[in-house]
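Asks: Take a look at coords36.pdb, PDB, C-alpha atoms:
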```
MODEL        1
ATOM      1  CA  MET X   1     179.065  63.973  71.182  1.00  0.00           C
ATOM      2  CA  VAL X   2     180.344  62.080  68.137  1.00  0.00           C
ATOM      3  CA  LYS X   3     178.140  64.175  65.839  1.00  0.00           C
ATOM      4  CA  TRP X   4     179.945  67.389  66.837  1.00  0.00           C
ATOM      5  CA  PHE X   5     183.338  65.785  66.426  1.00  0.00           C
ATOM      6  CA  GLY X   6     182.287  64.556  62.984  1.00  0.00           C
ATOM      7  CA  ALA X   7     181.052  68.025  62.049  1.00  0.00           C
ATOM      8  CA  ILE X   8     184.353  69.645  63.077  1.00  0.00           C
ATOM      9  CA  ILE X   9     186.489  67.094  61.224  1.00  0.00           C
ATOM     10  CA  GLY X  10     184.201  67.312  58.193  1.00  0.00           C
ATOM     11  CA  TYR X  11     184.421  71.096  58.164  1.00  0.00           C
ATOM     12  CA  PHE X  12     188.220  71.084  58.180  1.00  0.00           C
ATOM     13  CA  LEU X  13     188.328  68.557  55.357  1.00  0.00           C
ATOM     14  CA  PHE X  14     185.457  69.650  53.110  1.00  0.00           C
ATOM     15  CA  ARG X  15     184.097  72.889  54.561  1.00  0.00           C
ATOM     16  CA  LEU X  16     180.296  73.169  54.837  1.00  0.00           C
ATOM     17  CA  PRO X  17     179.343  69.946  52.979  1.00  0.00           C
ATOM     18  CA  GLY X  18     181.846  68.030  55.095  1.00  0.00           C
ATOM     19  CA  ALA X  19     180.536  69.556  58.308  1.00  0.00           C
ATOM     20  CA  LEU X  20     176.982  68.630  57.414  1.00  0.00           C
ATOM     21  CA  LEU X  21     177.869  65.092  56.418  1.00  0.00           C
ATOM     22  CA  GLY X  22     180.157  64.689  59.435  1.00  0.00           C
ATOM     23  CA  PHE X  23     177.361  65.815  61.721  1.00  0.00           C
ATOM     24  CA  PHE X  24     174.966  63.412  60.022  1.00  0.00           C
ATOM     25  CA  LEU X  25     177.296  60.430  60.266  1.00  0.00           C
ATOM     26  CA  GLY X  26     178.208  61.312  63.838  1.00  0.00           C
ATOM     27  CA  SER X  27     174.496  61.408  64.662  1.00  0.00           C
ATOM     28  CA  LEU X  28     174.159  57.950  63.173  1.00  0.00           C
ATOM     29  CA  VAL X  29     177.041  56.673  65.295  1.00  0.00           C
ATOM     30  CA  ASP X  30     175.449  58.227  68.381  1.00  0.00           C
ATOM     31  CA  GLY X  31     172.185  56.484  67.431  1.00  0.00           C
ATOM     32  CA  VAL X  32     173.943  53.132  67.108  1.00  0.00           C
ATOM     33  CA  SER X  33     175.485  53.416  70.539  1.00  0.00           C
ATOM     34  CA  ARG X  34     172.072  54.239  72.043  1.00  0.00           C
ATOM     35  CA  SER X  35     170.279  51.451  70.152  1.00  0.00           C
ATOM     36  CA  GLY X  36     172.606  48.624  71.072  1.00  0.00           C
ATOM     37  CA  GLY X  37     174.979  48.882  68.141  1.00  0.00           C
ATOM     38  CA  ASN X  38     173.134  46.764  65.556  1.00  0.00           C
ATOM     39  CA  VAL X  39     171.376  49.245  63.289  1.00  0.00           C
ATOM     40  CA  PHE X  40     170.697  52.918  62.728  1.00  0.00           C
ATOM     41  CA  GLN X  41     167.308  53.916  64.082  1.00  0.00           C
ATOM     42  CA  ASP X  42     165.248  56.802  62.795  1.00  0.00           C
ATOM     43  CA  PHE X  43     162.218  57.431  65.026  1.00  0.00           C
ATOM     44  CA  GLY X  44     159.749  54.874  63.733  1.00  0.00           C
ATOM     45  CA  ARG X  45     161.068  54.592  60.210  1.00  0.00           C
ATOM     46  CA  ALA X  46     162.415  51.391  58.767  1.00  0.00           C
ATOM     47  CA  GLN X  47     165.996  50.725  59.784  1.00  0.00           C
ATOM     48  CA  VAL X  48     169.101  51.067  57.633  1.00  0.00           C
ATOM     49  CA  SER X  49     172.237  49.124  58.423  1.00  0.00           C
ATOM     50  CA  PRO X  50     175.598  50.888  58.315  1.00  0.00           C
ATOM     51  CA  GLN X  51     176.738  48.629  55.468  1.00  0.00           C
ATOM     52  CA  ASP X  52     173.657  49.414  53.383  1.00  0.00           C
ATOM     53  CA  PHE X  53     174.053  53.129  53.975  1.00  0.00           C
ATOM     54  CA  GLU X  54     177.741  53.069  53.026  1.00  0.00           C
ATOM     55  CA  LEU X  55     177.088  51.176  49.789  1.00  0.00           C
ATOM     56  CA  HIS X  56     174.135  53.391  48.871  1.00  0.00           C
ATOM     57  CA  LEU X  57     176.228  56.478  49.579  1.00  0.00           C
ATOM     58  CA  ILE X  58     179.128  55.350  47.402  1.00  0.00           C
ATOM     59  CA  SER X  59     176.690  54.303  44.668  1.00  0.00           C
ATOM     60  CA  LEU X  60     175.221  57.820  44.596  1.00  0.00           C
ATOM     61  CA  CYS X  61     178.764  59.216  44.554  1.00  0.00           C
ATOM     62  CA  SER X  62     179.570  57.136  41.471  1.00  0.00           C
ATOM     63  CA  ILE X  63     176.398  58.343  39.739  1.00  0.00           C
ATOM     64  CA  VAL X  64     177.385  61.991  40.284  1.00  0.00           C
ATOM     65  CA  ILE X  65     181.009  61.377  39.273  1.00  0.00           C
ATOM     66  CA  LYS X  66     179.915  59.774  35.981  1.00  0.00           C
ATOM     67  CA  ALA X  67     177.139  62.296  35.254  1.00  0.00           C
ATOM     68  CA  ASP X  68     179.129  64.448  32.821  1.00  0.00           C
ATOM     69  CA  GLY X  69     180.828  61.514  31.102  1.00  0.00           C
ATOM     70  CA  ARG X  70     184.188  62.361  32.662  1.00  0.00           C
ATOM     71  CA  VAL X  71     185.678  60.873  35.792  1.00  0.00           C
ATOM     72  CA  THR X  72     188.185  63.358  37.209  1.00  0.00           C
ATOM     73  CA  GLN X  73     190.851  62.601  39.750  1.00  0.00           C
ATOM     74  CA  GLN X  74     189.673  65.525  41.890  1.00  0.00           C
ATOM     75  CA  GLU X  75     186.211  64.000  42.211  1.00  0.00           C
ATOM     76  CA  LEU X  76     187.621  60.580  43.059  1.00  0.00           C
ATOM     77  CA  ASP X  77     189.995  62.138  45.597  1.00  0.00           C
ATOM     78  CA  TYR X  78     187.129  64.089  47.183  1.00  0.00           C
ATOM     79  CA  VAL X  79     185.142  60.891  47.762  1.00  0.00           C
ATOM     80  CA  ARG X  80     188.178  58.884  48.846  1.00  0.00           C
ATOM     81  CA  GLN X  81     189.259  61.559  51.328  1.00  0.00           C
ATOM     82  CA  TYR X  82     185.782  61.718  52.791  1.00  0.00           C
ATOM     83  CA  PHE X  83     185.583  57.938  53.283  1.00  0.00           C
ATOM     84  CA  LEU X  84     189.124  57.803  54.700  1.00  0.00           C
ATOM     85  CA  SER X  85     188.433  60.572  57.209  1.00  0.00           C
ATOM     86  CA  THR X  86     185.052  59.155  58.195  1.00  0.00           C
ATOM     87  CA  TYR X  87     185.770  55.432  58.364  1.00  0.00           C
ATOM     88  CA  GLY X  88     189.555  55.128  58.509  1.00  0.00           C
ATOM     89  CA  LYS X  89     191.804  53.512  55.913  1.00  0.00           C
ATOM     90  CA  GLU X  90     190.938  49.877  56.573  1.00  0.00           C
ATOM     91  CA  LYS X  91     187.158  50.334  56.643  1.00  0.00           C
ATOM     92  CA  ALA X  92     187.201  52.736  53.656  1.00  0.00           C
ATOM     93  CA  ASN X  93     189.207  50.248  51.617  1.00  0.00           C
ATOM     94  CA  ALA X  94     186.742  47.496  52.547  1.00  0.00           C
ATOM     95  CA  ILE X  95     183.832  49.690  51.407  1.00  0.00           C
ATOM     96  CA  PHE X  96     185.557  50.446  48.090  1.00  0.00           C
ATOM     97  CA  ARG X  97     186.386  46.753  47.621  1.00  0.00           C
ATOM     98  CA  THR X  98     182.794  45.705  48.226  1.00  0.00           C
ATOM     99  CA  PHE X  99     181.548  48.400  45.861  1.00  0.00           C
ATOM    100  CA  ASN X 100     183.979  47.323  43.128  1.00  0.00           C
ATOM    101  CA  GLU X 101     183.247  43.626  43.553  1.00  0.00           C
ATOM    102  CA  VAL X 102     179.486  43.727  43.960  1.00  0.00           C
ATOM    103  CA  ILE X 103     177.749  47.004  43.206  1.00  0.00           C
ATOM    104  CA  LYS X 104     179.836  48.442  40.380  1.00  0.00           C
ATOM    105  CA  LYS X 105     179.127  45.442  38.156  1.00  0.00           C
ATOM    106  CA  ARG X 106     175.356  45.897  38.465  1.00  0.00           C
ATOM    107  CA  GLU X 107     173.116  48.517  36.979  1.00  0.00           C
ATOM    108  CA  ILE X 108     172.872  51.235  39.633  1.00  0.00           C
ATOM    109  CA  SER X 109     169.360  52.635  39.863  1.00  0.00           C
ATOM    110  CA  ALA X 110     169.390  56.112  41.370  1.00  0.00           C
ATOM    111  CA  GLN X 111     165.625  56.018  41.733  1.00  0.00           C
ATOM    112  CA  ARG X 112     165.714  52.712  43.646  1.00  0.00           C
ATOM    113  CA  ILE X 113     168.521  53.890  45.943  1.00  0.00           C
ATOM    114  CA  CYS X 114     166.725  57.152  46.669  1.00  0.00           C
ATOM    115  CA  SER X 115     163.446  55.330  47.305  1.00  0.00           C
ATOM    116  CA  TYR X 116     165.246  53.113  49.812  1.00  0.00           C
ATOM    117  CA  LEU X 117     166.738  56.168  51.549  1.00  0.00           C
ATOM    118  CA  ASN X 118     163.385  58.015  51.524  1.00  0.00           C
ATOM    119  CA  GLN X 119     161.839  55.206  53.535  1.00  0.00           C
ATOM    120  CA  ARG X 120     164.663  55.073  56.069  1.00  0.00           C
ATOM    121  CA  THR X 121     165.970  58.605  56.570  1.00  0.00           C
ATOM    122  CA  ARG X 122     164.624  61.995  57.565  1.00  0.00           C
ATOM    123  CA  TYR X 123     164.429  64.965  55.217  1.00  0.00           C
ATOM    124  CA  GLU X 124     167.437  66.604  56.922  1.00  0.00           C
ATOM    125  CA  VAL X 125     169.608  63.567  56.298  1.00  0.00           C
ATOM    126  CA  ARG X 126     168.702  63.507  52.618  1.00  0.00           C
ATOM    127  CA  LEU X 127     169.392  67.239  52.365  1.00  0.00           C
ATOM    128  CA  GLN X 128     172.867  66.742  53.837  1.00  0.00           C
ATOM    129  CA  LEU X 129     173.461  63.946  51.376  1.00  0.00           C
ATOM    130  CA  VAL X 130     172.687  66.237  48.438  1.00  0.00           C
ATOM    131  CA  HIS X 131     175.070  68.861  49.869  1.00  0.00           C
ATOM    132  CA  PHE X 132     177.801  66.233  49.870  1.00  0.00           C
ATOM    133  CA  LEU X 133     176.967  65.227  46.281  1.00  0.00           C
ATOM    134  CA  PHE X 134     177.226  68.893  45.249  1.00  0.00           C
ATOM    135  CA  GLY X 135     180.696  68.916  46.808  1.00  0.00           C
ATOM    136  CA  ILE X 136     181.699  65.977  44.617  1.00  0.00           C
ATOM    137  CA  ALA X 137     180.340  67.647  41.478  1.00  0.00           C
ATOM    138  CA  GLY X 138     182.282  70.823  42.271  1.00  0.00           C
ATOM    139  CA  ALA X 139     185.505  69.094  43.288  1.00  0.00           C
ATOM    140  CA  ASP X 140     187.051  69.641  39.854  1.00  0.00           C
ATOM    141  CA  GLY X 141     186.381  73.377  39.991  1.00  0.00           C
ATOM    142  CA  LYS X 142     183.097  73.520  38.095  1.00  0.00           C
ATOM    143  CA  ILE X 143     179.701  71.896  38.028  1.00  0.00           C
ATOM    144  CA  SER X 144     178.720  70.968  34.488  1.00  0.00           C
ATOM    145  CA  THR X 145     175.194  71.165  33.134  1.00  0.00           C
ATOM    146  CA  ALA X 146     175.002  67.360  33.073  1.00  0.00           C
ATOM    147  CA  GLU X 147     176.093  67.177  36.720  1.00  0.00           C
ATOM    148  CA  MET X 148     173.557  69.844  37.709  1.00  0.00           C
ATOM    149  CA  ASP X 149     170.821  67.953  35.875  1.00  0.00           C
ATOM    150  CA  LYS X 150     171.779  64.737  37.666  1.00  0.00           C
ATOM    151  CA  LEU X 151     171.829  66.510  41.044  1.00  0.00           C
ATOM    152  CA  ARG X 152     168.356  67.926  40.361  1.00  0.00           C
ATOM    153  CA  GLU X 153     167.163  64.456  39.406  1.00  0.00           C
ATOM    154  CA  LEU X 154     168.584  62.947  42.601  1.00  0.00           C
ATOM    155  CA  ALA X 155     167.097  65.749  44.715  1.00  0.00           C
ATOM    156  CA  GLY X 156     163.725  65.020  43.129  1.00  0.00           C
ATOM    157  CA  TYR X 157     164.051  61.297  43.832  1.00  0.00           C
ATOM    158  CA  LEU X 158     164.981  62.176  47.422  1.00  0.00           C
ATOM    159  CA  ARG X 159     161.861  64.360  47.665  1.00  0.00           C
ATOM    160  CA  LEU X 160     163.826  67.522  48.360  1.00  0.00           C
ATOM    161  CA  GLY X 161     162.224  69.790  45.777  1.00  0.00           C
ATOM    162  CA  GLN X 162     158.725  69.591  47.233  1.00  0.00           C
TER     163      GLN X 162
ENDMDL
END
```
Take the structure in the file and give it back as structure tokens.
Replies:
Amino acid sequence: MVKWFGAIIGYFLFRLPGALLGFFLGSLVDGVSRSGGNVFQDFGRAQVSPQDFELHLISLCSIVIKADGRVTQQELDYVRQYFLSTYGKEKANAIFRTFNEVIKKREISAQRICSYLNQRTRYEVRLQLVHFLFGIAGADGKISTAEMDKLRELAGYLRLGQ
């Protein structure tokens, strides 16, 4: 039930990419409630905790935002709005704080993040993730060549081009 609610809210906020990501996150929430609330389960795959997923997601967002060498307010607002609508203000702020304090100061390896997600998520989940990343790249009205190259690279790491 939560997945459909997430898809509807996502659609109104971000159109198709938001609907896909909302459905995905709602599915994860549904999975948590069925699995006892500790972790996200994915039919025999390794498990991914909500905190790990959130930090990996925001790390990939930062990679796409920085891809063309410019950080635009529209791209930042797109990500912020998504996290606010998905997690609420308090939780979103906690995610951003953790990212700024811990992850942002480290070298972010897109290949390592994608490898982690490949082991713990289905193809459909990774596809929805790339749709969301495309939304970020296009938030400022255009997708630059550098952003497109980075999106192709991420899609390859996520095994979506095969």
Asks: Could you state which residues are captured by the PyMOL selection byres ((chain X and resi 145-157) around 8) in this file, as a count of residues only?
Replies: 18
Asks: Within 12 Å of segment 91-101 of chain X, counting all atoms listed in the file, which residues show up once you throw out same-chain ones fewer than 6 positions away? Write them as a PDB file with C-alpha atoms, in the frame of the given file, please.
Replies:
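To be explicit, this is the file written out as around-v7.pdb:
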```pdb
ATOM      1  CA  PRO X  50     175.598  50.888  58.315  1.00  0.00           C
ATOM      2  CA  GLN X  51     176.738  48.629  55.468  1.00  0.00           C
ATOM      3  CA  ASP X  52     173.657  49.414  53.383  1.00  0.00           C
ATOM      4  CA  PHE X  53     174.053  53.129  53.975  1.00  0.00           C
ATOM      5  CA  GLU X  54     177.741  53.069  53.026  1.00  0.00           C
ATOM      6  CA  LEU X  55     177.088  51.176  49.789  1.00  0.00           C
ATOM      7  CA  HIS X  56     174.135  53.391  48.871  1.00  0.00           C
ATOM      8  CA  LEU X  57     176.228  56.478  49.579  1.00  0.00           C
ATOM      9  CA  ILE X  58     179.128  55.350  47.402  1.00  0.00           C
ATOM     10  CA  SER X  59     176.690  54.303  44.668  1.00  0.00           C
ATOM     11  CA  LEU X  60     175.221  57.820  44.596  1.00  0.00           C
ATOM     12  CA  CYS X  61     178.764  59.216  44.554  1.00  0.00           C
ATOM     13  CA  SER X  62     179.570  57.136  41.471  1.00  0.00           C
ATOM     14  CA  LEU X  76     187.621  60.580  43.059  1.00  0.00           C
ATOM     15  CA  VAL X  79     185.142  60.891  47.762  1.00  0.00           C
ATOM     16  CA  ARG X  80     188.178  58.884  48.846  1.00  0.00           C
ATOM     17  CA  GLN X  81     189.259  61.559  51.328  1.00  0.00           C
ATOM     18  CA  TYR X  82     185.782  61.718  52.791  1.00  0.00           C
ATOM     19  CA  PHE X  83     185.583  57.938  53.283  1.00  0.00           C
ATOM     20  CA  LEU X  84     189.124  57.803  54.700  1.00  0.00           C
ATOM     21  CA  SER X  85     188.433  60.572  57.209  1.00  0.00           C
ATOM     22  CA  ILE X 108     172.872  51.235  39.633  1.00  0.00           C
TER      23      ILE X 108
END
```
Asks: If I take atom CA of Ile65 of chain X and atom CA of Tyr87 of chain X, how far is one from the other in Å, to one decimal?
Replies: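 Between these atoms lies a distance of 20.6 Å.
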Asks: List the neighbours of Ala139 of chain X out to 7 Å using all atoms listed in the file; skip same-chain residues closer than 6 positions along the sequence, and give me the result as a compact mmCIF listing (two decimals) with C-alpha atoms, in the coordinates of the input.
Replies:
```txt
# COMPACT_ATOMS: atom_id res chain seq x y z
CA GLN X 74 189.67 65.53 41.89
CA GLU X 75 186.21 64.00 42.21
CA TYR X 78 187.13 64.09 47.18
```
Asks: Would you please work out which residue, of X:Arg70, X:Phe14, X:Gly26, X:Ile8, is nearest to Val125 of chain X when using all atoms listed in the file?
Replies: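 Checking each of X:Arg70, X:Phe14, X:Gly26, X:Ile8 against Val125 of chain X, counting all atoms listed in the file, the winner is X:Gly26.
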Asks: Could you check how far atom CA of Ile113 of chain X sits from atom CA of Lys142 of chain X, in Å to one decimal?
Replies: 25.7 Å
Asks: Taking only C-alpha atoms into account, which of X:Leu16, X:Arg106, X:Ile9, X:Gln119 comes nearest Gly135 of chain X?
Replies: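 Going through X:Leu16, X:Arg106, X:Ile9, X:Gln119 one by one, the smallest distance to Gly135 of chain X is for X:Leu16.
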Asks: Quick one, how far is atom CA of Gly88 of chain X from atom CA of Glu124 of chain X?
Replies: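 Calculated distance between atom CA of Gly88 of chain X and atom CA of Glu124 of chain X is 25.0 Å.
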Asks: Find the smallest box with edges along x, y and z containing every listed atom of segment 149-157 of chain X, then add 6 Å on each side and report centre and edge lengths in Å to one decimal, as AutoDock Vina command-line options.
Replies:
```
--center_x 167.8 --center_y 64.6 --center_z 40.3 --size_x 20.1 --size_y 18.7 --size_z 20.8
```
